[in-house]
$ cat protein.txt   # compact mmCIF, C-alpha atoms
# COMPACT_ATOMS: atom_id res chain seq x y z
CA MET E 1 -26.11 14.79 40.50
CA ALA E 2 -24.06 11.64 40.74
CA GLU E 3 -20.64 11.33 39.24
CA ALA E 4 -20.33 9.84 35.77
CA PHE E 5 -18.18 6.85 34.88
CA LYS E 6 -17.21 4.90 31.80
CA PHE E 7 -19.54 2.09 30.78
CA GLU E 8 -19.11 -0.29 27.87
CA LEU E 9 -21.52 -2.90 26.64
CA VAL E 10 -19.85 -5.31 24.25
CA SER E 11 -21.32 -8.24 22.39
CA PRO E 12 -19.22 -10.56 20.23
CA GLU E 13 -20.54 -8.88 17.13
CA ARG E 14 -20.02 -5.30 18.08
CA LEU E 15 -19.58 -2.61 20.66
CA LEU E 16 -23.07 -1.47 21.61
CA VAL E 17 -22.48 1.23 24.17
CA SER E 18 -19.41 3.13 25.12
CA ALA E 19 -20.39 6.19 27.08
CA GLU E 20 -20.17 8.16 30.29
CA VAL E 21 -23.05 7.09 32.46
CA GLU E 22 -24.41 7.79 35.88
CA SER E 23 -25.50 4.33 36.89
CA VAL E 24 -26.06 0.89 35.43
CA VAL E 25 -28.33 -1.86 36.70
CA ILE E 26 -26.88 -5.26 35.95
CA PRO E 27 -28.76 -8.57 36.28
CA GLY E 28 -26.00 -10.36 38.17
CA ALA E 29 -26.10 -14.13 38.60
CA GLU E 30 -26.68 -13.67 42.33
CA GLY E 31 -29.10 -10.80 42.09
CA GLU E 32 -29.45 -7.44 40.46
CA MET E 33 -26.89 -4.84 41.26
CA THR E 34 -26.58 -1.16 40.57
CA VAL E 35 -23.15 0.07 39.61
CA MET E 36 -22.16 3.68 40.15
CA ALA E 37 -18.87 5.51 40.00
CA HIS E 38 -16.08 4.26 42.31
CA HIS E 39 -17.62 0.84 42.71
CA ALA E 40 -15.35 -1.73 44.31
CA PRO E 41 -13.75 -4.10 41.79
CA VAL E 42 -16.16 -6.94 41.17
CA MET E 43 -16.39 -9.58 38.56
CA THR E 44 -19.69 -11.33 38.13
CA THR E 45 -21.50 -13.49 35.66
CA ILE E 46 -24.86 -12.23 34.50
CA LYS E 47 -28.10 -14.02 33.81
CA PRO E 48 -30.51 -13.26 30.99
CA GLY E 49 -32.19 -10.00 31.87
CA VAL E 50 -32.47 -6.30 31.29
CA VAL E 51 -29.59 -3.88 31.70
CA THR E 52 -30.73 -0.37 32.53
CA VAL E 53 -28.29 2.38 31.68
CA LYS E 54 -28.80 5.85 33.07
CA ASN E 55 -26.87 8.31 30.98
CA ALA E 56 -25.01 11.28 32.40
CA SER E 57 -27.63 13.45 30.71
CA GLY E 58 -30.36 11.73 32.70
CA SER E 59 -31.95 9.74 29.88
CA GLU E 60 -32.44 6.02 30.36
CA GLU E 61 -31.75 3.18 27.96
CA ARG E 62 -32.61 -0.47 28.39
CA TYR E 63 -30.88 -3.44 26.82
CA VAL E 64 -31.73 -7.11 26.87
CA VAL E 65 -28.75 -9.37 27.45
CA PHE E 66 -28.55 -13.16 27.32
CA GLY E 67 -25.84 -14.21 29.71
CA GLY E 68 -22.28 -13.01 29.88
CA PHE E 69 -20.26 -11.35 32.57
CA ALA E 70 -19.39 -7.96 33.94
CA ASP E 71 -16.03 -6.59 34.90
CA ILE E 72 -16.34 -3.68 37.29
CA VAL E 73 -13.45 -1.50 38.43
CA PRO E 74 -13.59 1.92 40.13
CA ALA E 75 -12.82 3.64 36.85
CA GLY E 76 -15.51 1.97 34.82
CA CYS E 77 -17.60 -1.04 34.00
CA THR E 78 -17.38 -3.42 31.08
CA LEU E 79 -20.21 -5.75 30.30
CA LEU E 80 -19.43 -8.64 28.01
CA ALA E 81 -22.74 -10.04 26.85
CA GLU E 82 -23.20 -13.17 24.83
CA SER E 83 -25.85 -11.34 22.89
CA ALA E 84 -27.32 -7.93 23.54
CA VAL E 85 -30.02 -5.80 21.94
CA ALA E 86 -31.82 -2.64 22.83
CA VAL E 87 -35.21 -3.42 24.36
CA LYS E 88 -37.09 -1.73 21.54
CA ASP E 89 -35.30 -3.90 18.95
CA VAL E 90 -35.98 -7.20 20.65
CA ASP E 91 -36.95 -9.91 18.28
CA ARG E 92 -39.96 -11.67 19.81
CA ALA E 93 -39.52 -14.73 17.61
CA ASP E 94 -35.90 -15.06 18.67
CA LEU E 95 -36.85 -14.89 22.31
CA ALA E 96 -39.61 -17.44 21.81
CA ARG E 97 -37.13 -19.70 20.07
CA ARG E 98 -34.67 -19.44 22.96
CA ILE E 99 -37.39 -20.27 25.44
CA LYS E 100 -38.43 -23.26 23.38
CA GLU E 101 -34.83 -24.49 23.24
CA ALA E 102 -34.41 -24.01 26.95
CA ARG E 103 -37.60 -25.97 27.53
CA GLU E 104 -36.29 -28.80 25.37
CA ASP E 105 -32.97 -28.72 27.20
CA ALA E 106 -34.77 -29.02 30.49
CA ALA E 107 -36.79 -31.94 29.21
CA ASP E 108 -33.73 -33.69 27.77
CA ALA E 109 -31.51 -33.22 30.81
CA LYS E 110 -30.01 -36.52 31.94
CA ASP E 111 -29.11 -35.88 35.55
CA ASP E 112 -30.59 -33.71 38.26
CA GLN E 113 -27.82 -31.17 38.22
CA SER E 114 -28.09 -30.33 34.54
CA ARG E 115 -31.89 -30.37 34.78
CA SER E 116 -31.99 -27.88 37.59
CA LYS E 117 -29.54 -25.72 35.67
CA ALA E 118 -31.65 -25.86 32.52
CA GLU E 119 -34.81 -25.14 34.48
CA GLN E 120 -33.20 -22.20 36.18
CA PHE E 121 -32.17 -20.83 32.80
CA LEU E 122 -35.68 -21.36 31.50
CA SER E 123 -37.24 -19.50 34.39
CA GLN E 124 -34.83 -16.62 33.89
CA LEU E 125 -35.86 -16.45 30.26
CA THR E 126 -39.55 -16.45 31.02
CA THR E 127 -39.09 -13.77 33.66
CA LEU E 128 -37.25 -11.75 31.09
CA GLU E 129 -40.04 -12.23 28.59
CA GLY E 130 -42.53 -11.01 31.16
CA ALA E 131 -40.36 -8.03 32.00
CA ILE E 132 -40.03 -6.67 28.49
CA LEU E 133 -43.39 -7.48 27.04
CA PRO E 134 -45.73 -4.55 27.38
CA ALA E 135 -48.58 -6.05 29.39
CA MET K 1 -4.58 -21.54 -38.26
CA PRO K 2 -7.94 -20.57 -36.80
CA SER K 3 -10.31 -18.77 -39.11
CA LEU K 4 -11.35 -15.14 -38.62
CA LYS K 5 -14.71 -16.23 -37.31
CA ASP K 6 -13.10 -18.51 -34.71
CA LEU K 7 -10.89 -15.68 -33.55
CA ARG K 8 -13.83 -13.31 -33.26
CA ASN K 9 -15.75 -15.83 -31.16
CA ARG K 10 -12.73 -16.45 -29.02
CA ILE K 11 -12.24 -12.74 -28.33
CA ALA K 12 -15.91 -12.34 -27.49
CA SER K 13 -15.81 -15.20 -25.00
CA VAL K 14 -12.65 -13.97 -23.29
CA LYS K 15 -14.22 -10.55 -23.02
CA ALA K 16 -17.27 -12.06 -21.37
CA THR K 17 -15.05 -13.93 -18.92
CA GLN K 18 -13.18 -10.75 -18.15
CA LYS K 19 -16.42 -9.00 -17.35
CA ILE K 20 -17.37 -11.76 -14.94
CA THR K 21 -14.03 -11.78 -13.14
CA LYS K 22 -14.10 -8.02 -12.94
CA ALA K 23 -17.54 -8.10 -11.36
CA MET K 24 -16.45 -10.80 -8.94
CA GLN K 25 -13.47 -8.74 -7.96
CA MET K 26 -15.64 -5.76 -7.19
CA VAL K 27 -18.09 -7.86 -5.21
CA ALA K 28 -15.19 -9.34 -3.25
CA ALA K 29 -13.84 -5.86 -2.54
CA ALA K 30 -17.18 -4.73 -1.16
CA LYS K 31 -17.57 -7.89 0.89
CA LEU K 32 -14.02 -7.59 2.12
CA ARG K 33 -14.72 -4.20 3.55
CA ARG K 34 -17.75 -5.53 5.37
CA ALA K 35 -15.85 -8.58 6.63
CA GLN K 36 -13.06 -6.37 7.90
CA GLU K 37 -15.53 -4.17 9.69
CA ALA K 38 -17.12 -7.21 11.30
CA ALA K 39 -13.71 -8.47 12.38
CA GLU K 40 -12.86 -5.11 13.86
CA ALA K 41 -16.19 -4.84 15.65
CA ALA K 42 -15.56 -8.19 17.27
CA ARG K 43 -12.10 -7.26 18.46
CA PRO K 44 -13.03 -5.38 21.68
CA TYR K 45 -14.94 -8.39 22.93
CA SER K 46 -12.16 -10.88 22.41
CA GLU K 47 -9.59 -8.47 23.85
CA ARG K 48 -11.63 -7.89 27.00
CA MET K 49 -12.28 -11.59 27.22
CA GLY K 50 -8.55 -12.23 27.08
CA SER K 51 -7.74 -9.77 29.84
CA VAL K 52 -10.57 -10.93 32.08
CA LEU K 53 -9.53 -14.52 31.56
CA ALA K 54 -5.94 -13.72 32.45
CA ASN K 55 -7.14 -11.95 35.60
CA ILE K 56 -9.30 -14.75 36.74
CA THR K 57 -6.80 -17.47 35.95
CA GLN K 58 -4.46 -15.68 38.23
CA ALA K 59 -7.09 -15.53 40.95
CA VAL K 60 -7.82 -19.22 40.71
CA GLY K 61 -4.11 -19.86 40.50
CA GLY K 62 -4.40 -22.92 38.31
CA GLY K 63 -5.38 -24.93 41.38
CA GLY K 64 -7.15 -28.26 41.40
CA ASP K 65 -10.56 -26.66 40.85
CA ALA K 66 -9.71 -25.37 37.39
CA PRO K 67 -12.11 -26.92 34.87
CA ALA K 68 -10.91 -29.76 32.69
CA LEU K 69 -11.44 -27.67 29.57
CA MET K 70 -8.49 -25.61 30.70
CA THR K 71 -6.15 -28.18 32.14
CA GLY K 72 -6.95 -30.88 29.60
CA THR K 73 -7.39 -34.57 30.31
CA GLY K 74 -3.73 -35.08 31.01
CA LYS K 75 -3.32 -37.19 27.90
CA ASP K 76 -2.79 -36.29 24.29
CA ASP K 77 -3.76 -39.46 22.46
CA VAL K 78 -6.74 -38.26 20.50
CA HIS K 79 -6.55 -34.99 18.61
CA LEU K 80 -9.50 -33.10 17.26
CA LEU K 81 -8.84 -30.71 14.41
CA VAL K 82 -11.37 -28.04 13.57
CA VAL K 83 -10.52 -27.01 10.04
CA CYS K 84 -12.18 -23.78 8.94
CA THR K 85 -12.19 -23.01 5.25
CA ALA K 86 -14.34 -21.07 2.83
CA GLU K 87 -17.58 -22.28 1.33
CA ARG K 88 -16.66 -21.25 -2.17
CA GLY K 89 -13.68 -21.61 -4.43
CA LEU K 90 -12.23 -19.14 -6.93
CA CYS K 91 -10.08 -17.53 -4.30
CA GLY K 92 -6.59 -18.58 -5.27
CA GLY K 93 -4.68 -20.81 -2.90
CA PHE K 94 -6.69 -19.77 0.13
CA ASN K 95 -8.45 -23.06 0.85
CA SER K 96 -5.65 -25.35 -0.23
CA GLN K 97 -3.23 -23.46 1.99
CA ILE K 98 -5.31 -24.12 5.07
CA ALA K 99 -5.92 -27.70 4.04
CA ARG K 100 -2.23 -28.27 3.43
CA HIS K 101 -1.38 -26.88 6.82
CA ALA K 102 -3.92 -29.19 8.41
CA ARG K 103 -2.68 -32.14 6.38
CA ASP K 104 0.92 -31.61 7.49
CA HIS K 105 -0.29 -31.52 11.05
CA ILE K 106 -2.30 -34.71 10.59
CA ARG K 107 0.70 -36.49 9.08
CA ARG K 108 2.84 -35.49 12.02
CA LEU K 109 0.24 -36.67 14.50
CA LEU K 110 -0.27 -39.96 12.71
CA ALA K 111 3.49 -40.53 12.58
CA ASP K 112 3.56 -40.12 16.34
CA GLY K 113 0.87 -42.75 16.64
CA LYS K 114 -1.89 -40.39 17.73
CA GLN K 115 -5.50 -40.71 16.80
CA VAL K 116 -7.00 -37.91 14.72
CA LYS K 117 -10.57 -36.69 14.35
CA ILE K 118 -11.61 -33.86 12.10
CA ILE K 119 -14.45 -31.36 12.09
CA CYS K 120 -14.72 -29.51 8.80
CA VAL K 121 -16.20 -26.05 8.77
CA GLY K 122 -16.80 -24.98 5.22
CA LYS K 123 -17.28 -27.08 2.13
CA LYS K 124 -13.93 -26.60 0.45
CA GLY K 125 -11.83 -27.96 3.27
CA PHE K 126 -14.11 -30.96 3.43
CA ASP K 127 -13.68 -31.59 -0.29
CA ILE K 128 -9.91 -31.50 -0.01
CA LEU K 129 -9.50 -33.50 3.18
CA ARG K 130 -12.09 -36.07 2.15
CA ARG K 131 -9.67 -37.47 -0.43
CA ASP K 132 -7.14 -38.69 2.10
CA TYR K 133 -8.81 -38.69 5.47
CA ALA K 134 -12.48 -39.42 4.83
CA ALA K 135 -12.61 -41.89 7.71
CA MET K 136 -11.45 -39.32 10.24
CA ILE K 137 -13.98 -36.64 9.46
CA ILE K 138 -16.59 -36.91 12.15
CA GLU K 139 -18.59 -33.80 11.47
CA ARG K 140 -19.14 -31.27 8.78
CA VAL K 141 -20.49 -27.82 9.48
CA ASP K 142 -22.13 -26.11 6.58
CA LEU K 143 -22.24 -22.35 6.62
CA ARG K 144 -23.36 -22.02 3.03
CA GLU K 145 -26.76 -20.68 3.96
CA VAL K 146 -25.34 -18.15 6.39
CA LYS K 147 -25.33 -14.67 4.94
CA THR K 148 -23.69 -12.78 7.75
CA LEU K 149 -21.67 -14.68 10.28
CA GLY K 150 -23.12 -14.33 13.72
CA PHE K 151 -21.88 -15.37 17.10
CA VAL K 152 -24.56 -18.05 17.14
CA ASN K 153 -22.77 -19.91 14.33
CA ALA K 154 -19.54 -20.00 16.28
CA ASP K 155 -21.41 -20.87 19.45
CA ALA K 156 -23.02 -23.87 17.79
CA ILE K 157 -19.62 -25.19 16.73
CA ALA K 158 -18.15 -24.52 20.16
CA ARG K 159 -21.01 -26.37 21.78
CA LYS K 160 -20.37 -29.39 19.58
CA VAL K 161 -16.69 -29.36 20.47
CA ILE K 162 -17.37 -29.03 24.20
CA HIS K 163 -19.97 -31.77 24.07
CA LEU K 164 -17.43 -34.08 22.42
CA PHE K 165 -14.86 -33.15 25.01
CA ASN K 166 -17.22 -33.93 27.88
CA GLU K 167 -17.88 -37.31 26.32
CA GLY K 168 -14.15 -37.89 26.31
CA ALA K 169 -13.98 -38.13 22.53
CA PHE K 170 -10.67 -36.28 22.33
CA ASP K 171 -7.88 -34.84 24.46
CA VAL K 172 -6.51 -31.95 22.46
CA CYS K 173 -8.38 -29.63 20.14
CA THR K 174 -6.67 -27.50 17.54
CA LEU K 175 -8.29 -24.86 15.40
CA PHE K 176 -7.10 -24.31 11.82
CA TYR K 177 -7.87 -21.10 10.05
CA SER K 178 -6.25 -18.42 8.01
CA GLN K 179 -5.03 -15.35 9.76
CA PHE K 180 -5.83 -12.15 7.91
CA LYS K 181 -2.62 -10.18 7.58
CA SER K 182 -3.52 -8.03 4.60
CA VAL K 183 -5.49 -8.22 1.39
CA ILE K 184 -2.66 -10.07 -0.33
CA SER K 185 -1.39 -12.12 2.55
CA GLN K 186 -3.25 -14.69 4.60
CA VAL K 187 -1.31 -16.95 6.90
CA PRO K 188 -2.69 -20.41 7.66
CA THR K 189 -2.57 -20.82 11.42
CA ALA K 190 -3.04 -23.60 13.92
CA GLN K 191 -4.27 -22.63 17.35
CA GLN K 192 -4.74 -24.97 20.27
CA ILE K 193 -7.99 -24.20 22.06
CA ILE K 194 -8.36 -27.18 24.40
CA PRO K 195 -6.61 -27.30 26.76
CA ALA K 196 -6.20 -23.54 26.74
CA ALA K 197 -2.47 -23.43 26.21
CA SER K 198 -1.85 -19.74 26.48
CA ALA K 199 -3.94 -18.98 29.55
CA SER K 200 -1.38 -20.22 32.04
CA SER K 201 1.79 -19.33 30.15
CA ALA K 202 0.86 -15.71 29.58
CA GLN K 203 1.02 -14.35 33.09
CA PRO K 204 -0.74 -11.00 33.35
CA GLU K 205 1.34 -8.16 34.68
CA THR K 206 0.83 -7.89 38.43
CA ALA K 207 1.92 -4.26 38.42
CA ASP K 208 -1.69 -3.54 37.58
CA GLY K 209 -2.58 -3.95 41.22
CA ALA K 210 -6.29 -3.66 40.58
CA SER K 211 -6.57 -7.32 39.67
CA ALA K 212 -5.49 -8.42 43.12
CA VAL K 213 -8.46 -7.00 45.01
CA TYR K 214 -11.29 -8.23 42.81
CA GLU K 215 -14.39 -9.58 44.39
CA TYR K 216 -15.95 -12.46 42.59
CA GLU K 217 -19.58 -13.26 42.40
CA PRO K 218 -20.10 -16.24 42.33
CA GLU K 219 -16.78 -17.96 43.17
CA PRO K 220 -13.85 -17.53 40.75
CA GLY K 221 -13.89 -21.21 39.90
CA GLU K 222 -17.53 -21.02 38.97
CA ILE K 223 -17.02 -17.94 36.81
CA LEU K 224 -14.10 -19.65 35.19
CA SER K 225 -16.09 -22.74 34.29
CA ASP K 226 -18.65 -20.44 32.70
CA LEU K 227 -16.02 -18.37 30.98
CA ILE K 228 -13.89 -21.06 29.39
CA PRO K 229 -16.61 -22.48 27.12
CA ARG K 230 -17.51 -18.95 26.14
CA ASN K 231 -13.90 -18.24 25.38
CA ILE K 232 -13.77 -21.22 23.05
CA ALA K 233 -16.77 -19.88 21.18
CA VAL K 234 -15.10 -16.48 20.96
CA GLN K 235 -11.92 -18.02 19.57
CA ILE K 236 -13.90 -19.90 16.95
CA PHE K 237 -15.89 -16.79 16.11
CA ARG K 238 -12.71 -14.83 15.63
CA ALA K 239 -11.27 -17.56 13.44
CA LEU K 240 -14.42 -17.54 11.30
CA LEU K 241 -14.32 -13.78 10.92
CA GLU K 242 -10.64 -13.75 10.03
CA ASN K 243 -11.35 -16.50 7.56
CA ALA K 244 -14.18 -14.55 5.98
CA ALA K 245 -11.98 -11.49 5.56
CA GLY K 246 -9.11 -13.61 4.27
CA GLU K 247 -11.31 -15.40 1.78
CA MET K 248 -12.53 -12.12 0.34
CA GLY K 249 -8.99 -10.75 0.20
CA ALA K 250 -7.72 -13.84 -1.58
CA LYS K 251 -10.66 -13.80 -3.93
CA MET K 252 -10.09 -10.17 -4.73
CA SER K 253 -6.47 -10.64 -5.70
CA ALA K 254 -7.22 -13.87 -7.57
CA MET K 255 -9.93 -12.14 -9.58
CA ASP K 256 -7.69 -9.16 -10.17
CA ASN K 257 -5.09 -11.49 -11.67
CA ALA K 258 -7.70 -13.23 -13.76
CA THR K 259 -8.98 -9.92 -15.10
CA ARG K 260 -5.48 -8.87 -16.03
CA ASN K 261 -4.72 -12.19 -17.69
CA ALA K 262 -7.91 -11.94 -19.69
CA GLY K 263 -6.88 -8.45 -20.80
CA GLU K 264 -3.53 -9.72 -22.02
CA MET K 265 -5.20 -12.57 -23.84
CA ILE K 266 -7.60 -10.19 -25.56
CA ASN K 267 -4.68 -8.04 -26.72
CA LYS K 268 -2.84 -11.01 -28.14
CA LEU K 269 -5.91 -12.38 -29.86
CA SER K 270 -6.77 -8.98 -31.35
CA ILE K 271 -3.29 -8.69 -32.84
CA THR K 272 -3.58 -12.15 -34.39
CA TYR K 273 -7.03 -11.26 -35.64
CA ASN K 274 -5.92 -8.00 -37.26
CA ARG K 275 -2.86 -9.59 -38.86
CA GLN K 276 -4.91 -12.35 -40.28
CA ARG K 277 -7.55 -10.00 -41.64
CA GLN K 278 -4.83 -7.91 -43.28
CA ALA K 279 -3.25 -11.03 -44.76
CA GLN K 280 -6.58 -11.99 -46.25
CA ILE K 281 -7.10 -8.55 -47.77
CA THR K 282 -3.62 -8.61 -49.25
CA LYS K 283 -4.23 -12.04 -50.64
CA GLU K 284 -7.47 -10.96 -52.29
CA LEU K 285 -5.80 -7.88 -53.79
CA ILE K 286 -3.00 -10.00 -55.23
CA GLU K 287 -5.54 -12.31 -56.74
CA ILE K 288 -7.42 -9.41 -58.38
CA ILE K 289 -4.25 -7.74 -59.67
CA SER K 290 -2.73 -10.87 -61.03
CA GLY K 291 -6.08 -11.73 -62.63
CA ALA K 292 -6.16 -8.32 -64.34
CA GLU K 293 -2.58 -8.68 -65.51
CA ALA K 294 -3.31 -12.04 -67.11
CA LEU K 295 -5.92 -10.47 -69.44
$ encode --input "protein.txt" --output "structure tokens"
Amino acid sequence: MAEAFKFELVSPERLLVSAEVESVVIPGAEGEMTVMAHHAPVMTTIKPGVVTVKNASGSEERYVVFGGFADIVPAGCTLLAESAVAVKDVDRADLARRIKEAREDAADAKDDQSRSKAEQFLSQLTTLEGAILPA
Amino acid sequence: MPSLKDLRNRIASVKATQKITKAMQMVAAAKLRRAQEAAEAARPYSERMGSVLANITQAVGGGGDAPALMTGTGKDDVHLLVVCTAERGLCGGFNSQIARHARDHIRRLLADGKQVKIICVGKKGFDILRRDYAAMIIERVDLREVKTLGFVNADAIARKVIHLFNEGAFDVCTLFYSQFKSVISQVPTAQQIIPAASASSAQPETADGASAVYEYEPEPGEILSDLIPRNIAVQIFRALLENAAGEMGAKMSAMDNATRNAGEMINKLSITYNRQRQAQITKELIEIISGAEAL
């Protein structure tokens, strides 16, 4: 049984999770990472994706986040998400709208740099859509 | 002297008004509670954001790679004012206070020969500022249709501001809103958001130790350039929430006053009404008596 640590998931609107957890999987900008107790201090931005929280009791919860960043210290982990919802509450229409906007952004991009950025964002969104939609 | 019928009508209409103001007060009280809750729920995020930002600013050390949004353009010729007010009136001096604060600021800037651009959030501020500074208002954000303020609303405004900044449309951006102190006191506030004035001046305590050994993924500069725009959105969101709470507080006390005034008016009118009715009765009696005596 792994040691528990403090995890908080905060969106601008409210505090979603504040609990003792065993591990958290965060979709970091440079790859997924699993955070457990006594993790080295890291600060990372996150891409749109699914955060998996494993509670101290063993149950698992999944949240969809759209960008933000994580602040990890040995004592705990704080995830500041631009927008976060539990996977079961995901609004399909909202996700579809975001994808559509991202697609438009990619089409409107003026220079290569912003286009590649927009396209990257779009692909992250579509991956996310694939990940949470029950086949 | 108004007739009895006039008085009766008058009392009835004041009573109706009182009922309306009373209802509005109660609605405002309920909304205030919700707005306060929303403001409180948003607090952890902005607090964390502040501490993380302080940490990372320290890591980057304000070097040459700090994004322009933070260091500014190095000039301060063109000022952008984001004036946040309520969408509705009937809330005492709430809107005019903010507008006056903004107007004083504009006058000062104009006297110094600066150029001023205005973004109005909320209808009332637009209505007030339009009178004197119509030419300077470049954008008007309407939140009338918005039932519950979400982060997306603030994000949309922030995006507009950042877009303008990237186009070089202004050098300094200041946010005007009303700080929610208590139900009866709202303080109009000006807050500079671009360049981020406080980030460098407020040095985080280094005694913390933990901040020194952070690993950053990706590079601190990159995180920072992602963080700063988000921070602007958070600031705007906070301003909007404070405004919403302040508006409801101001409306509540304004409607409370109105209800009380209406009560006083009803009392006064009822006294006049009763006196006049009595006078009429007395007059009729005298007429009857003196008529009987004449026989």
$ closest_residue --input "protein.txt" --among "K:Ala154, K:Val83, K:Ala292, K:Leu175" --to "chain E" --atoms "only C-alpha atoms"
K:Ala154
$ interface_residues --input "protein.txt" --of "chain E" --to "chain K" --cutoff "8 Å" --atoms "all atoms listed in the file" --output "ChimeraX atom specification"
/E:10-15,29-30,40-45,71,73,80
$ residues_around --input "protein.txt" --residues "segment 50-67 of chain E" --least-positions-apart "3" --cutoff "9 Å" --atoms "all atoms listed in the file" --output "count of residues only"
33
$ closest_residue --input "protein.txt" --among "K:Arg277, K:Arg100, K:Lys114, K:Arg8" --to "Phe170 of chain K" --atoms "only C-alpha atoms"
K:Lys114
$ atom_distance --input "protein.txt" --atom1 "atom CA of Ile286 of chain K" --atom2 "atom CA of Met1 of chain K"
20.6 Å
$ residues_around --input "protein.txt" --residues "Asp112 of chain K" --least-positions-apart "5" --cutoff "12 Å" --atoms "all atoms listed in the file" --output "PDB file with C-alpha atoms, in the frame of the given file"
ATOM      1  CA  ASP K  76      -2.790 -36.290  24.290  1.00  0.00           C
ATOM      2  CA  ASP K  77      -3.760 -39.460  22.460  1.00  0.00           C
ATOM      3  CA  VAL K  78      -6.740 -38.260  20.500  1.00  0.00           C
ATOM      4  CA  HIS K  79      -6.550 -34.990  18.610  1.00  0.00           C
ATOM      5  CA  HIS K 105      -0.290 -31.520  11.050  1.00  0.00           C
ATOM      6  CA  ILE K 106      -2.300 -34.710  10.590  1.00  0.00           C
ATOM      7  CA  ARG K 107       0.700 -36.490   9.080  1.00  0.00           C
TER       8      ARG K 107
END
$ atom_distance --input "protein.txt" --atom1 "atom CA of Ser13 of chain K" --atom2 "atom CA of Met252 of chain K"
21.7 Å
$ closest_atom_pairs --input "protein.txt" --of "segment 65-168 of chain K" --to "segment 183-199 of chain K" --cutoff "9 Å" --atoms "only C-alpha atoms" --output "Markdown table"
| residue | atom | partner | partner_atom | distance |
| --- | --- | --- | --- | --- |
| K:Ala68 | CA | K:Pro195 | CA | 7.7 |
| K:Leu69 | CA | K:Pro195 | CA | 5.6 |
| K:Met70 | CA | K:Pro195 | CA | 4.7 |
| K:Thr71 | CA | K:Pro195 | CA | 5.5 |
| K:Gly72 | CA | K:Pro195 | CA | 4.6 |
| K:Thr73 | CA | K:Pro195 | CA | 8.1 |
| K:Phe94 | CA | K:Gln186 | CA | 7.6 |
| K:Gln97 | CA | K:Pro188 | CA | 6.5 |
| K:Ile98 | CA | K:Pro188 | CA | 5.2 |
| K:Ala99 | CA | K:Pro188 | CA | 8.8 |
| K:Arg100 | CA | K:Pro188 | CA | 8.9 |
| K:His101 | CA | K:Pro188 | CA | 6.7 |
| K:Ala102 | CA | K:Ala190 | CA | 7.9 |
| K:His105 | CA | K:Ala190 | CA | 8.9 |
| K:Phe165 | CA | K:Ile194 | CA | 8.8 |
$ axis_aligned_box --input "protein.txt" --around "segment 112-125 of chain K" --padding-each-side "3 Å" --output "lines of an AutoDock Vina configuration file"
center_x = -6.9
center_y = -33.9
center_z = 9.1
size_x = 26.8
size_y = 23.8
size_z = 23.3
$ atom_distance --input "protein.txt" --atom1 "atom CA of Asn243 of chain K" --atom2 "atom CA of Thr85 of chain K"
7.0 Å
$ residues_around --input "protein.txt" --residues "Lys268 of chain K" --least-positions-apart "6" --cutoff "12 Å" --atoms "only C-alpha atoms" --output "JSON, numbers by chain"
{"K": [7, 10, 11, 14, 261, 262, 274, 275]}
$ write_last_selection --input "protein.txt" --atoms "C-alpha atoms" --output "compact mmCIF listing (two decimals), in the frame of the given file"
# COMPACT_ATOMS: atom_id res chain seq x y z
CA LEU K 7 -10.89 -15.68 -33.55
CA ARG K 10 -12.73 -16.45 -29.02
CA ILE K 11 -12.24 -12.74 -28.33
CA VAL K 14 -12.65 -13.97 -23.29
CA ASN K 261 -4.72 -12.19 -17.69
CA ALA K 262 -7.91 -11.94 -19.69
CA ASN K 274 -5.92 -8.00 -37.26
CA ARG K 275 -2.86 -9.59 -38.86
$ closest_residue --input "protein.txt" --among "K:Ala258, K:Met265, K:Ala12, K:Ile162" --to "Ser225 of chain K" --atoms "only C-alpha atoms"
K:Ile162
$ residues_near_point --input "protein.txt" --point "(-18.5, -25.4, 7.1)" --cutoff "6 Å" --atoms "only C-alpha atoms" --output "number ranges by chain"
K: 120-123, 141-143
$ write_last_selection --input "protein.txt" --atoms "C-alpha atoms" --output "tab-separated table (two decimals), keeping the file's coordinate frame"
chain	number	residue	atom	x	y	z
K	120	CYS	CA	-14.72	-29.51	8.80
K	121	VAL	CA	-16.20	-26.05	8.77
K	122	GLY	CA	-16.80	-24.98	5.22
K	123	LYS	CA	-17.28	-27.08	2.13
K	141	VAL	CA	-20.49	-27.82	9.48
K	142	ASP	CA	-22.13	-26.11	6.58
K	143	LEU	CA	-22.24	-22.35	6.62
$ closest_residue --input "protein.txt" --among "E:Ala109, E:Glu119, E:Ala102, E:Gln124" --to "Gly28 of chain E" --atoms "only C-alpha atoms"
E:Gln124
$ residues_around --input "protein.txt" --residues "Glu8 of chain E" --least-positions-apart "3" --cutoff "8 Å" --atoms "all atoms listed in the file" --output "short mmCIF file (atom, residue, chain, number, x, y, z; two decimals) with C-alpha atoms, keeping the file's coordinate frame"
data_model
loop_
_atom_site.label_atom_id
_atom_site.label_comp_id
_atom_site.auth_asym_id
_atom_site.auth_seq_id
_atom_site.Cartn_x
_atom_site.Cartn_y
_atom_site.Cartn_z
CA LEU E 15 -19.58 -2.61 20.66
CA LEU E 16 -23.07 -1.47 21.61
CA VAL E 17 -22.48 1.23 24.17
CA SER E 18 -19.41 3.13 25.12
CA ALA E 19 -20.39 6.19 27.08
CA CYS E 77 -17.60 -1.04 34.00
CA THR E 78 -17.38 -3.42 31.08
CA LEU E 79 -20.21 -5.75 30.30
#
$ closest_residue --input "protein.txt" --among "K:Leu164, K:Leu240, K:Leu295, K:Val116" --to "Ile137 of chain K" --atoms "all atoms listed in the file"
K:Val116
$ closest_residue --input "protein.txt" --among "K:Asp127, K:Glu139, K:Asp6, K:Asp132" --to "Val82 of chain K" --atoms "all atoms listed in the file"
K:Glu139
